[in-house]
file input-v3.cif (mmCIF, C-alpha atoms and all ligand atoms)
data_protein
#
loop_
_atom_site.label_atom_id
_atom_site.label_comp_id
_atom_site.auth_asym_id
_atom_site.auth_seq_id
_atom_site.Cartn_x
_atom_site.Cartn_y
_atom_site.Cartn_z
CA MET A 1 -2.81 354.18 266.95
CA SER A 2 0.96 354.23 266.96
CA HIS A 3 2.95 353.95 270.12
CA PRO A 4 5.06 357.05 269.28
CA TYR A 5 1.92 359.23 269.25
CA LEU A 6 0.74 357.77 272.57
CA THR A 7 4.19 358.01 274.09
CA GLU A 8 4.43 361.67 273.06
CA LEU A 9 1.00 362.45 274.54
CA ILE A 10 1.76 360.58 277.74
CA ALA A 11 5.05 362.46 278.08
CA ARG A 12 3.03 365.68 278.09
CA HIS A 13 1.07 364.55 281.15
CA THR A 14 2.19 366.21 284.36
CA PRO A 15 1.83 363.76 287.27
CA GLY A 16 -0.91 364.81 289.68
CA HIS A 17 -2.66 366.81 286.97
CA ALA A 18 -5.63 366.23 284.68
CA LEU A 19 -4.86 364.67 281.29
CA PRO A 20 -3.89 366.69 278.22
CA ARG A 21 -6.80 367.72 276.01
CA GLU A 22 -6.31 365.04 273.31
CA PHE A 23 -7.19 362.27 275.76
CA TYR A 24 -10.67 363.79 276.02
CA THR A 25 -11.13 364.91 272.40
CA ASP A 26 -9.18 362.75 269.92
CA PRO A 27 -11.22 359.98 268.22
CA ARG A 28 -8.01 357.96 267.81
CA ILE A 29 -7.57 357.94 271.59
CA PHE A 30 -11.19 356.90 271.95
CA ASP A 31 -10.56 353.94 269.63
CA ALA A 32 -7.53 352.99 271.74
CA ASP A 33 -9.60 353.33 274.95
CA MET A 34 -12.14 350.95 273.49
CA GLU A 35 -9.65 348.38 272.27
CA ARG A 36 -7.15 348.46 275.11
CA ILE A 37 -9.36 349.17 278.12
CA LEU A 38 -13.13 349.07 277.72
CA LEU A 39 -13.42 345.86 275.72
CA ARG A 40 -10.91 344.12 277.99
CA HIS A 41 -12.58 344.71 281.34
CA TRP A 42 -15.73 343.29 282.89
CA PHE A 43 -18.84 345.43 282.97
CA CYS A 44 -22.27 345.12 284.54
CA VAL A 45 -25.08 344.71 282.02
CA ALA A 46 -28.24 344.16 284.06
CA HIS A 47 -29.86 342.67 287.16
CA MET A 48 -31.34 339.16 287.11
CA SER A 49 -34.82 340.61 287.66
CA ASP A 50 -34.56 342.16 284.17
CA LEU A 51 -34.74 338.61 282.75
CA PRO A 52 -37.24 336.74 284.93
CA HIS A 53 -38.18 333.98 282.44
CA ALA A 54 -36.44 331.69 279.95
CA GLY A 55 -36.10 333.49 276.62
CA ASP A 56 -36.09 336.99 278.13
CA PHE A 57 -33.22 338.94 276.62
CA LEU A 58 -31.67 342.34 276.40
CA VAL A 59 -29.11 343.69 273.98
CA VAL A 60 -26.09 345.58 275.26
CA GLU A 61 -23.78 347.62 273.05
CA LEU A 62 -20.27 348.86 273.57
CA GLY A 63 -18.53 350.61 270.69
CA ALA A 64 -18.97 348.46 267.57
CA GLU A 65 -19.82 345.42 269.67
CA SER A 66 -23.27 344.12 270.56
CA VAL A 67 -24.20 341.23 272.78
CA ILE A 68 -27.45 339.41 273.59
CA ILE A 69 -27.86 338.68 277.30
CA VAL A 70 -30.46 335.92 277.64
CA ARG A 71 -31.83 333.52 280.25
CA ASN A 72 -31.84 329.93 278.95
CA ARG A 73 -34.17 327.09 279.89
CA ASN A 74 -31.84 326.01 282.74
CA ASP A 75 -32.07 329.47 284.30
CA GLU A 76 -28.51 330.26 283.28
CA ILE A 77 -27.50 333.56 281.73
CA ARG A 78 -25.81 333.46 278.34
CA SER A 79 -23.91 336.31 276.71
CA LEU A 80 -24.10 335.74 272.93
CA VAL A 81 -22.36 337.90 270.36
CA ASN A 82 -25.06 339.59 268.28
CA VAL A 83 -23.40 338.74 264.96
CA CYS A 84 -24.87 336.06 262.69
CA ARG A 85 -22.50 333.22 261.79
CA HIS A 86 -23.72 333.30 258.17
CA ARG A 87 -22.74 336.69 256.76
CA GLY A 88 -22.61 338.71 259.92
CA SER A 89 -25.94 340.49 260.24
CA ARG A 90 -27.10 341.73 263.63
CA ILE A 91 -29.61 339.14 264.84
CA CYS A 92 -31.52 341.14 267.44
CA ALA A 93 -32.44 344.68 266.50
CA ALA A 94 -34.69 345.09 269.56
CA LYS A 95 -33.15 346.47 272.75
CA ALA A 96 -34.99 343.88 274.87
CA GLY A 97 -37.74 341.32 274.57
CA LYS A 98 -38.62 337.64 274.67
CA ALA A 99 -37.21 335.21 272.11
CA ALA A 100 -40.28 333.76 270.36
CA ALA A 101 -40.42 329.98 270.93
CA GLY A 102 -36.98 330.19 272.55
CA ARG A 103 -35.26 331.06 269.26
CA PHE A 104 -33.37 333.90 267.71
CA THR A 105 -33.87 334.12 263.95
CA CYS A 106 -31.57 336.25 261.85
CA PRO A 107 -33.64 338.77 259.86
CA TYR A 108 -31.42 338.40 256.79
CA HIS A 109 -31.59 334.73 255.65
CA ALA A 110 -33.32 333.21 258.69
CA TRP A 111 -30.55 331.19 260.29
CA THR A 112 -32.04 330.27 263.64
CA TYR A 113 -30.31 329.84 267.01
CA ASP A 114 -31.48 328.49 270.36
CA LEU A 115 -31.08 330.23 273.73
CA ASN A 116 -27.56 328.81 274.11
CA GLY A 117 -26.57 330.17 270.69
CA ARG A 118 -26.60 326.77 268.97
CA LEU A 119 -27.52 326.94 265.29
CA ILE A 120 -30.68 324.87 264.95
CA ALA A 121 -31.87 325.77 261.45
CA ALA A 122 -30.19 327.03 258.29
CA GLN A 123 -32.05 326.62 255.02
CA GLN A 124 -30.57 325.17 251.81
CA MET A 125 -26.99 324.94 252.95
CA GLY A 126 -26.36 321.70 251.07
CA GLU A 127 -23.71 319.22 252.14
CA PRO A 128 -21.32 319.17 253.79
CA PHE A 129 -22.41 321.75 256.34
CA ASP A 130 -21.87 321.32 260.06
CA ARG A 131 -24.36 323.32 262.08
CA ALA A 132 -22.39 322.60 265.24
CA GLN A 133 -19.51 324.71 263.86
CA HIS A 134 -21.72 327.76 263.32
CA GLY A 135 -23.20 328.59 266.72
CA LEU A 136 -23.15 332.15 268.02
CA LYS A 137 -19.94 333.14 269.74
CA ALA A 138 -20.39 333.24 273.50
CA LEU A 139 -18.73 335.58 275.98
CA GLN A 140 -18.00 334.83 279.60
CA VAL A 141 -20.66 335.76 282.15
CA ARG A 142 -20.67 336.05 285.93
CA VAL A 143 -23.78 336.51 288.03
CA VAL A 144 -22.99 337.86 291.48
CA ALA A 145 -25.68 338.79 293.98
CA GLY A 146 -28.15 339.17 291.12
CA LEU A 147 -25.85 341.40 289.07
CA ILE A 148 -24.90 340.18 285.58
CA PHE A 149 -21.40 340.93 284.27
CA THR A 150 -19.83 340.11 280.95
CA THR A 151 -16.63 340.97 279.07
CA PHE A 152 -15.50 341.05 275.46
CA ALA A 153 -11.98 339.98 276.44
CA ALA A 154 -10.67 336.82 274.80
CA THR A 155 -8.76 336.13 278.03
CA PRO A 156 -10.85 337.77 280.74
CA LEU A 157 -9.34 339.39 283.80
CA ASP A 158 -9.58 337.33 286.97
CA PHE A 159 -12.95 338.22 288.49
CA THR A 160 -12.51 336.29 291.76
CA GLY A 161 -11.63 339.26 293.97
CA ALA A 162 -14.42 341.42 292.57
CA GLU A 163 -16.84 338.53 292.95
CA ARG A 164 -15.87 337.93 296.57
CA ALA A 165 -16.21 341.61 297.51
CA LEU A 166 -19.49 342.00 295.72
CA ALA A 167 -20.97 338.77 297.05
CA GLN A 168 -20.16 339.70 300.63
CA SER A 169 -21.44 343.27 300.53
CA ALA A 170 -24.40 342.62 298.25
CA ARG A 171 -25.47 339.74 300.54
CA VAL A 172 -25.68 342.20 303.42
CA HIS A 173 -27.67 344.52 301.17
CA GLY A 174 -29.87 341.71 299.77
CA TRP A 175 -29.23 342.48 296.11
CA ALA A 176 -29.92 338.91 295.00
CA GLN A 177 -33.45 339.32 296.39
CA ALA A 178 -34.02 342.63 294.64
CA LYS A 179 -35.83 343.84 291.55
CA VAL A 180 -35.41 346.73 289.18
CA ALA A 181 -37.95 349.41 290.07
CA HIS A 182 -36.84 352.04 287.58
CA ARG A 183 -34.11 352.83 285.04
CA ARG A 184 -33.15 355.95 283.20
CA THR A 185 -30.41 356.86 280.75
CA TYR A 186 -28.68 360.24 280.93
CA SER A 187 -26.97 361.18 277.70
CA ILE A 188 -23.85 363.18 278.46
CA GLN A 189 -22.07 365.16 275.74
CA ALA A 190 -18.62 364.43 277.11
CA ASN A 191 -15.79 361.94 277.01
CA TRP A 192 -16.32 358.89 279.24
CA LYS A 193 -13.23 359.65 281.34
CA LEU A 194 -14.60 363.05 282.39
CA ALA A 195 -17.85 361.36 283.46
CA VAL A 196 -15.98 358.64 285.39
CA GLU A 197 -13.51 361.07 287.03
CA ASN A 198 -16.45 363.19 288.13
CA TYR A 199 -18.18 360.16 289.63
CA MET A 200 -15.02 359.31 291.59
CA GLU A 201 -14.58 362.55 293.48
CA CYS A 202 -16.67 364.57 295.89
CA TYR A 203 -14.64 367.80 295.69
CA HIS A 204 -17.51 369.02 293.52
CA CYS A 205 -20.30 367.79 295.82
CA GLN A 206 -20.78 370.87 297.98
CA PRO A 207 -20.69 373.34 295.06
CA ALA A 208 -22.81 371.15 292.72
CA HIS A 209 -25.05 368.85 294.78
CA ALA A 210 -26.92 370.67 297.56
CA GLU A 211 -29.38 367.83 298.29
CA PHE A 212 -26.74 365.08 298.20
CA SER A 213 -24.52 367.18 300.51
CA ARG A 214 -27.34 367.58 303.04
CA ARG A 215 -27.57 363.80 303.33
CA HIS A 216 -24.10 362.32 302.76
CA VAL A 217 -21.15 362.92 305.10
CA TYR A 218 -18.90 362.04 302.11
CA ALA A 219 -19.59 365.53 300.74
CA ARG A 220 -17.79 367.14 303.70
CA PRO A 221 -14.08 367.89 303.70
CA ALA A 222 -12.41 364.76 305.19
CA ARG A 223 -11.51 366.36 308.55
CA GLN A 224 -15.04 367.59 309.16
CA GLY A 225 -16.47 364.15 308.45
CA GLU A 226 -14.13 361.99 310.56
CA SER A 227 -16.14 361.86 313.78
CA LEU A 228 -19.40 361.32 311.87
CA GLU A 229 -17.82 358.46 309.93
CA ARG A 230 -16.70 356.88 313.22
CA GLU A 231 -20.19 357.27 314.59
CA GLY A 232 -21.59 355.61 311.44
CA ARG A 233 -19.27 352.61 311.89
CA ARG A 234 -20.34 352.31 315.52
CA ARG A 235 -24.03 352.28 314.48
CA ALA A 236 -23.34 349.56 311.89
CA GLU A 237 -21.44 347.37 314.37
CA ALA A 238 -24.25 347.71 316.90
CA LEU A 239 -26.61 346.23 314.28
CA GLY A 240 -24.16 343.45 313.36
CA ILE A 241 -23.50 344.97 309.93
CA PHE A 242 -19.90 344.44 308.89
CA ILE A 243 -18.67 345.22 305.38
CA PRO A 244 -14.88 345.55 305.17
CA ASP A 245 -13.36 348.21 302.91
CA ILE A 246 -11.46 347.01 299.84
CA ASP A 247 -9.14 349.18 297.84
CA GLN A 248 -8.04 347.47 294.65
CA TYR A 249 -9.07 350.18 292.26
CA ALA A 250 -6.99 351.79 289.53
CA GLY A 251 -3.54 350.44 290.05
CA ALA A 252 -4.07 348.75 293.39
CA ALA A 253 -5.54 345.54 291.94
CA PRO A 254 -3.13 342.65 291.30
CA LYS A 255 -2.07 342.59 287.63
CA GLY A 256 -4.47 340.50 285.59
CA SER A 257 -7.32 340.99 288.09
CA GLU A 258 -10.42 343.11 287.75
CA LEU A 259 -10.54 346.36 289.70
CA VAL A 260 -12.64 346.50 292.83
CA SER A 261 -13.18 349.18 295.42
CA LEU A 262 -15.62 349.16 298.29
CA PHE A 263 -16.15 351.58 301.12
CA ARG A 264 -18.92 352.67 303.42
CA SER A 265 -19.68 356.25 304.30
CA ALA A 266 -22.06 357.68 306.88
CA LEU A 267 -25.24 359.58 306.26
CA GLU A 268 -25.81 362.85 308.09
CA GLU A 269 -27.49 362.83 311.51
CA GLY A 270 -31.11 361.67 311.22
CA VAL A 271 -30.80 360.71 307.53
CA GLU A 272 -31.88 357.17 306.67
CA SER A 273 -32.09 357.28 302.89
CA GLY A 274 -31.70 359.40 299.78
CA THR A 275 -35.31 360.55 299.71
CA PRO A 276 -36.84 364.06 299.84
CA ASP A 277 -37.63 363.71 303.58
CA SER A 278 -34.59 361.45 304.25
CA ARG A 279 -36.93 358.70 305.50
CA PRO A 280 -36.82 355.17 304.03
CA ILE A 281 -38.68 354.47 300.81
CA GLY A 282 -40.30 351.49 302.48
CA ARG A 283 -39.20 347.93 302.99
CA LEU A 284 -35.60 347.36 304.13
CA MET A 285 -33.37 344.96 302.20
CA GLY A 286 -30.98 342.12 303.06
CA GLN A 287 -29.68 341.90 306.61
CA PHE A 288 -30.97 345.30 307.69
CA SER A 289 -33.46 345.06 310.51
CA ARG A 290 -33.01 348.82 310.99
CA HIS A 291 -31.25 351.55 309.07
CA ASP A 292 -27.67 351.95 310.19
CA GLY A 293 -27.30 355.40 308.67
CA ASN A 294 -24.63 354.46 306.14
CA SER A 295 -24.28 353.99 302.41
CA THR A 296 -22.03 351.49 300.61
CA TYR A 297 -20.11 352.44 297.46
CA ILE A 298 -18.78 349.68 295.21
CA ASP A 299 -16.87 350.08 291.94
CA ILE A 300 -16.06 347.12 289.68
CA GLY A 301 -13.92 347.68 286.59
CA PRO A 302 -13.73 351.15 285.05
CA VAL A 303 -17.39 351.74 284.16
CA SER A 304 -19.65 349.86 286.64
CA ASP A 305 -20.50 351.46 289.97
CA PHE A 306 -22.99 350.70 292.71
CA LEU A 307 -24.47 352.51 295.71
CA ALA A 308 -26.42 350.66 298.38
CA TYR A 309 -28.63 352.11 301.10
CA ALA A 310 -30.43 349.88 303.60
CA ASP A 311 -33.70 350.29 301.72
CA HIS A 312 -32.68 350.55 298.06
CA GLY A 313 -29.80 350.28 295.64
CA VAL A 314 -28.54 352.20 292.63
CA ILE A 315 -26.50 350.84 289.69
CA TYR A 316 -24.53 353.22 287.47
CA ARG A 317 -23.46 352.01 284.05
CA PHE A 318 -21.20 354.36 282.10
CA ILE A 319 -21.49 353.52 278.40
CA PRO A 320 -18.93 355.27 276.17
CA ARG A 321 -20.58 355.95 272.77
CA SER A 322 -18.03 358.14 271.00
CA VAL A 323 -15.18 360.41 271.94
CA LEU A 324 -17.58 363.20 273.01
CA GLN A 325 -20.62 361.13 274.00
CA THR A 326 -21.26 358.95 277.05
CA ASP A 327 -24.51 357.46 278.25
CA MET A 328 -25.00 356.92 281.97
CA GLU A 329 -27.68 354.39 282.78
CA VAL A 330 -29.00 354.57 286.33
CA ILE A 331 -30.96 351.56 287.63
CA TRP A 332 -32.85 351.64 290.94
CA LEU A 333 -33.30 348.40 292.93
CA VAL A 334 -35.81 347.63 295.69
CA HIS A 335 -36.75 344.49 297.62
CA GLU A 336 -38.11 341.90 295.19
CA GLU A 337 -41.40 341.67 297.09
CA ALA A 338 -41.92 345.42 297.40
CA ILE A 339 -45.05 346.61 295.63
CA GLU A 340 -45.11 349.93 293.85
CA GLY A 341 -47.60 352.30 295.44
CA ALA A 342 -47.77 350.27 298.66
CA ASP A 343 -44.09 349.70 299.59
CA TYR A 344 -42.39 352.34 297.47
CA ASP A 345 -43.08 355.35 295.35
CA VAL A 346 -40.95 355.78 292.19
CA GLU A 347 -40.83 359.57 292.58
CA ARG A 348 -39.42 359.32 296.11
CA LEU A 349 -37.14 356.43 295.19
CA THR A 350 -35.52 358.17 292.23
CA TRP A 351 -35.60 361.77 293.48
CA LEU A 352 -32.04 362.18 294.82
CA TRP A 353 -30.13 360.33 292.11
CA HIS A 354 -32.21 361.74 289.28
CA LEU A 355 -31.47 365.23 290.56
CA THR A 356 -27.80 364.43 291.21
CA SER A 357 -27.39 362.81 287.77
CA LEU A 358 -28.86 365.88 286.04
CA GLU A 359 -26.47 368.08 288.05
CA ASP A 360 -23.56 365.81 287.09
CA LYS A 361 -24.56 365.82 283.42
CA LYS A 362 -24.45 369.62 283.45
CA ILE A 363 -21.07 369.99 285.17
CA VAL A 364 -19.43 367.23 283.13
CA GLU A 365 -20.67 368.81 279.87
CA GLN A 366 -19.33 372.19 281.01
CA ASN A 367 -16.05 370.47 281.86
CA GLN A 368 -15.87 369.03 278.33
CA ALA A 369 -16.68 372.41 276.77
CA GLY A 370 -13.77 373.98 278.64
CA VAL A 371 -11.41 371.10 277.85
CA ASN A 372 -12.21 371.53 274.12
CA SER A 373 -10.68 375.03 274.22
CA GLN A 374 -7.20 375.59 272.86
CA PHE A 375 -6.55 377.49 276.09
CA PHE A 376 -7.16 374.46 278.33
CA THR A 377 -4.14 373.58 280.45
CA PRO A 378 -4.56 370.56 282.75
CA GLY A 379 -4.58 371.75 286.36
CA PRO A 380 -3.56 369.95 289.56
CA TYR A 381 -5.91 367.59 291.43
CA SER A 382 -6.79 368.66 294.97
CA MET A 383 -6.37 366.63 298.17
CA ARG A 384 -10.07 365.76 297.76
CA GLU A 385 -9.47 364.09 294.37
CA PRO A 386 -7.17 361.15 295.14
CA HIS A 387 -9.29 358.75 293.09
CA PRO A 388 -9.30 360.62 289.76
CA LYS A 389 -5.60 361.27 290.26
CA ARG A 390 -4.97 357.56 290.65
CA PHE A 391 -7.41 356.76 287.85
CA VAL A 392 -5.54 358.80 285.22
CA GLU A 393 -2.21 357.23 286.23
CA TRP A 394 -3.78 353.76 285.93
CA TYR A 395 -5.45 354.73 282.65
CA LEU A 396 -2.18 355.80 281.03
CA ARG A 397 -0.48 352.56 282.08
CA GLU A 398 -3.36 350.48 280.68
CA LEU A 399 -3.36 352.43 277.46
CA LEU A 400 0.30 351.71 276.94
CA GLU A 401 0.48 348.17 278.29
CA GLY A 402 -3.05 346.73 278.43
CA PRO A 403 -4.64 345.27 281.57
CA ASP A 404 -2.30 342.29 281.73
CA GLY A 405 0.84 344.26 281.06
CA ALA A 406 1.16 342.86 277.52
S1 LIG A 501 -26.58 336.93 257.70
FE1 LIG A 501 -27.83 335.92 259.11
S2 LIG A 501 -28.82 334.41 257.99
FE2 LIG A 501 -27.57 335.43 256.54
FE FE A 502 -21.51 364.45 291.21
#

call {"tool": "encode", "arguments": {"input": "input-v3.cif", "output": "structure tokens"}}
result
Amino acid sequence: MSHPYLTELIARHTPGHALPREFYTDPRIFDADMERILLRHWFCVAHMSDLPHAGDFLVVELGAESVIIVRNRNDEIRSLVNVCRHRGSRICAAKAGKAAAGRFTCPYHAWTYDLNGRLIAAQQMGEPFDRAQHGLKALQVRVVAGLIFTTFAATPLDFTGAERALAQSARVHGWAQAKVAHRRTYSIQANWKLAVENYMECYHCQPAHAEFSRRHVYARPARQGESLEREGRRRAEALGIFIPDIDQYAGAAPKGSELVSLFRSALEEGVESGTPDSRPIGRLMGQFSRHDGNSTYIDIGPVSDFLAYADHGVIYRFIPRSVLQTDMEVIWLVHEEAIEGADYDVERLTWLWHLTSLEDKKIVEQNQAGVNSQFFTPGPYSMREPHPKRFVEWYLRELLEGPDGA
């Protein structure tokens, strides 16, 4: 990807407007997105409850890259590059599982690694051969409030601010004492940026999400929601719940630091959760002795987003697959001691965000179909779309300069 091509495309962008078509359709831009943005930021891969025992692993892919996330015998999480140090075969073909006898054995010539990626067996290598020089490459990992993050960056962005924000809010919401109750992947035939821009704005909520809009004040035009938001904050304070807003997303984060944004928004009068009857799914989490009638939105990096209610949590992982294909994995969290059938019902738990995700899949795919047309001209963002507007400005800067301004 040459700079002149990028520079020419960027010059065609009108500030305050959506991006020109090529940013959503050109495979060369997708390759640049991967190299200059996606592989250089942190992203959430799983929750600790996905890997309860030593040897439990899951495999996460991003573009051409694949990584094994595994719990070792010291209860630490390792992020090991899924590329054999012999001749480069993938080691784990399974999406998840348990490493037999605490080992990963390459299916090609049987080089064998332990849970820390150390090479412990390699047949007939002769002398001299130093096993210690041929361990699996390891990526950096952070575990915050039960959430596991990793990054492919050789020099990772500073995660301290994101960690602090997440630790504070997720402590209130009890996410370290949570478990995964359900997960589902929505395959979206659209560029990842259309999916992420859609997630960032609620201009579309009233037209597209009737059930969400009945429950979340965020769906209202800002003016209409002001007094309800104030009332929500008052309810939270009365219960001793204090989670400060943080706005370091898309251009507002210090250079070299990971993006983080956090804000709370009220639920409509009488609504306590995102369930069909708006009642809690069951057991409350974290510091909530009662529902405070709010929801907490957290975004870390460009593709990891979180929503916390008092009684459950939702993780969104956007996984760009190709220029016109994005997977969105949605993971539902409940209290770690909650028992399915007694304390929660999966249908009720997943109802709102399953419905909303299907609605989003449809509108984002229709968006892509329109953007593919030769007649597409990027239009202006509304006053209700400040986040996508800021996102595309940030995106263009990153594409040109990289996250550390290199
Ligand atoms: S490529 Fe893995 S053992 Fe040969
Ligand atoms: Fe939506």

call {"tool": "atom_distance", "arguments": {"input": "input-v3.cif", "atom1": "CA of Gly55 (chain A)", "atom2": "CA of Ala99 (chain A)"}}
result
5.0 Å

call {"tool": "residues_around", "arguments": {"input": "input-v3.cif", "residues": "Asn372 (chain A)", "least_positions_apart": "3", "cutoff": "10 Å", "atoms": "all atoms listed in the file", "output": "number ranges by chain"}}
result
A: 21-22, 24-25, 324, 366-369, 375-376

call {"tool": "closest_atom_pairs", "arguments": {"input": "input-v3.cif", "of": "chain A", "to": "ligand LIG 501 (chain A)", "cutoff": "9 Å", "atoms": "all atoms listed in the file", "output": "CSV"}}
result
residue,atom,partner,partner_atom,distance
A:Val83,CA,A:LIG501,FE1,7.9
A:Cys84,CA,A:LIG501,FE1,4.6
A:Arg85,CA,A:LIG501,FE1,6.5
A:His86,CA,A:LIG501,S1,4.6
A:Arg87,CA,A:LIG501,S1,4.0
A:Gly88,CA,A:LIG501,S1,4.9
A:Ser89,CA,A:LIG501,S1,4.4
A:Arg90,CA,A:LIG501,FE1,7.4
A:Ile91,CA,A:LIG501,FE1,6.8
A:Thr105,CA,A:LIG501,S2,7.8
A:Cys106,CA,A:LIG501,FE1,4.6
A:Pro107,CA,A:LIG501,FE1,6.5
A:Tyr108,CA,A:LIG501,FE2,4.9
A:His109,CA,A:LIG501,S2,3.6
A:Ala110,CA,A:LIG501,S2,4.7
A:Trp111,CA,A:LIG501,S2,4.3
A:Thr112,CA,A:LIG501,S2,7.7
A:Ala122,CA,A:LIG501,S2,7.5
A:Gln123,CA,A:LIG501,S2,8.9

call {"tool": "write_last_selection", "arguments": {"input": "input-v3.cif", "atoms": "C-alpha atoms", "output": "compact mmCIF listing (two decimals), in the frame of the given file"}}
result
# COMPACT_ATOMS: atom_id res chain seq x y z
CA VAL A 83 -23.40 338.74 264.96
CA CYS A 84 -24.87 336.06 262.69
CA ARG A 85 -22.50 333.22 261.79
CA HIS A 86 -23.72 333.30 258.17
CA ARG A 87 -22.74 336.69 256.76
CA GLY A 88 -22.61 338.71 259.92
CA SER A 89 -25.94 340.49 260.24
CA ARG A 90 -27.10 341.73 263.63
CA ILE A 91 -29.61 339.14 264.84
CA THR A 105 -33.87 334.12 263.95
CA CYS A 106 -31.57 336.25 261.85
CA PRO A 107 -33.64 338.77 259.86
CA TYR A 108 -31.42 338.40 256.79
CA HIS A 109 -31.59 334.73 255.65
CA ALA A 110 -33.32 333.21 258.69
CA TRP A 111 -30.55 331.19 260.29
CA THR A 112 -32.04 330.27 263.64
CA ALA A 122 -30.19 327.03 258.29
CA GLN A 123 -32.05 326.62 255.02

call {"tool": "closest_residue", "arguments": {"input": "input-v3.cif", "among": "A:Val346, A:Val143, A:Ile69, A:Cys202", "to": "ligand FE 502 (chain A)", "atoms": "only C-alpha atoms and all ligand atoms"}}
result
A:Cys202

call {"tool": "residues_near_ligand", "arguments": {"input": "input-v3.cif", "ligand": "ligand FE 502 (chain A)", "cutoff": "6 Å", "atoms": "only C-alpha atoms and all ligand atoms", "output": "list in words"}}
result
Tyr199, Cys205 and Asp360 of chain A

call {"tool": "closest_residue", "arguments": {"input": "input-v3.cif", "among": "A:Arg290, A:Arg390, A:Arg184, A:Arg234", "to": "Val314 (chain A)", "atoms": "all atoms listed in the file"}}
result
A:Arg184
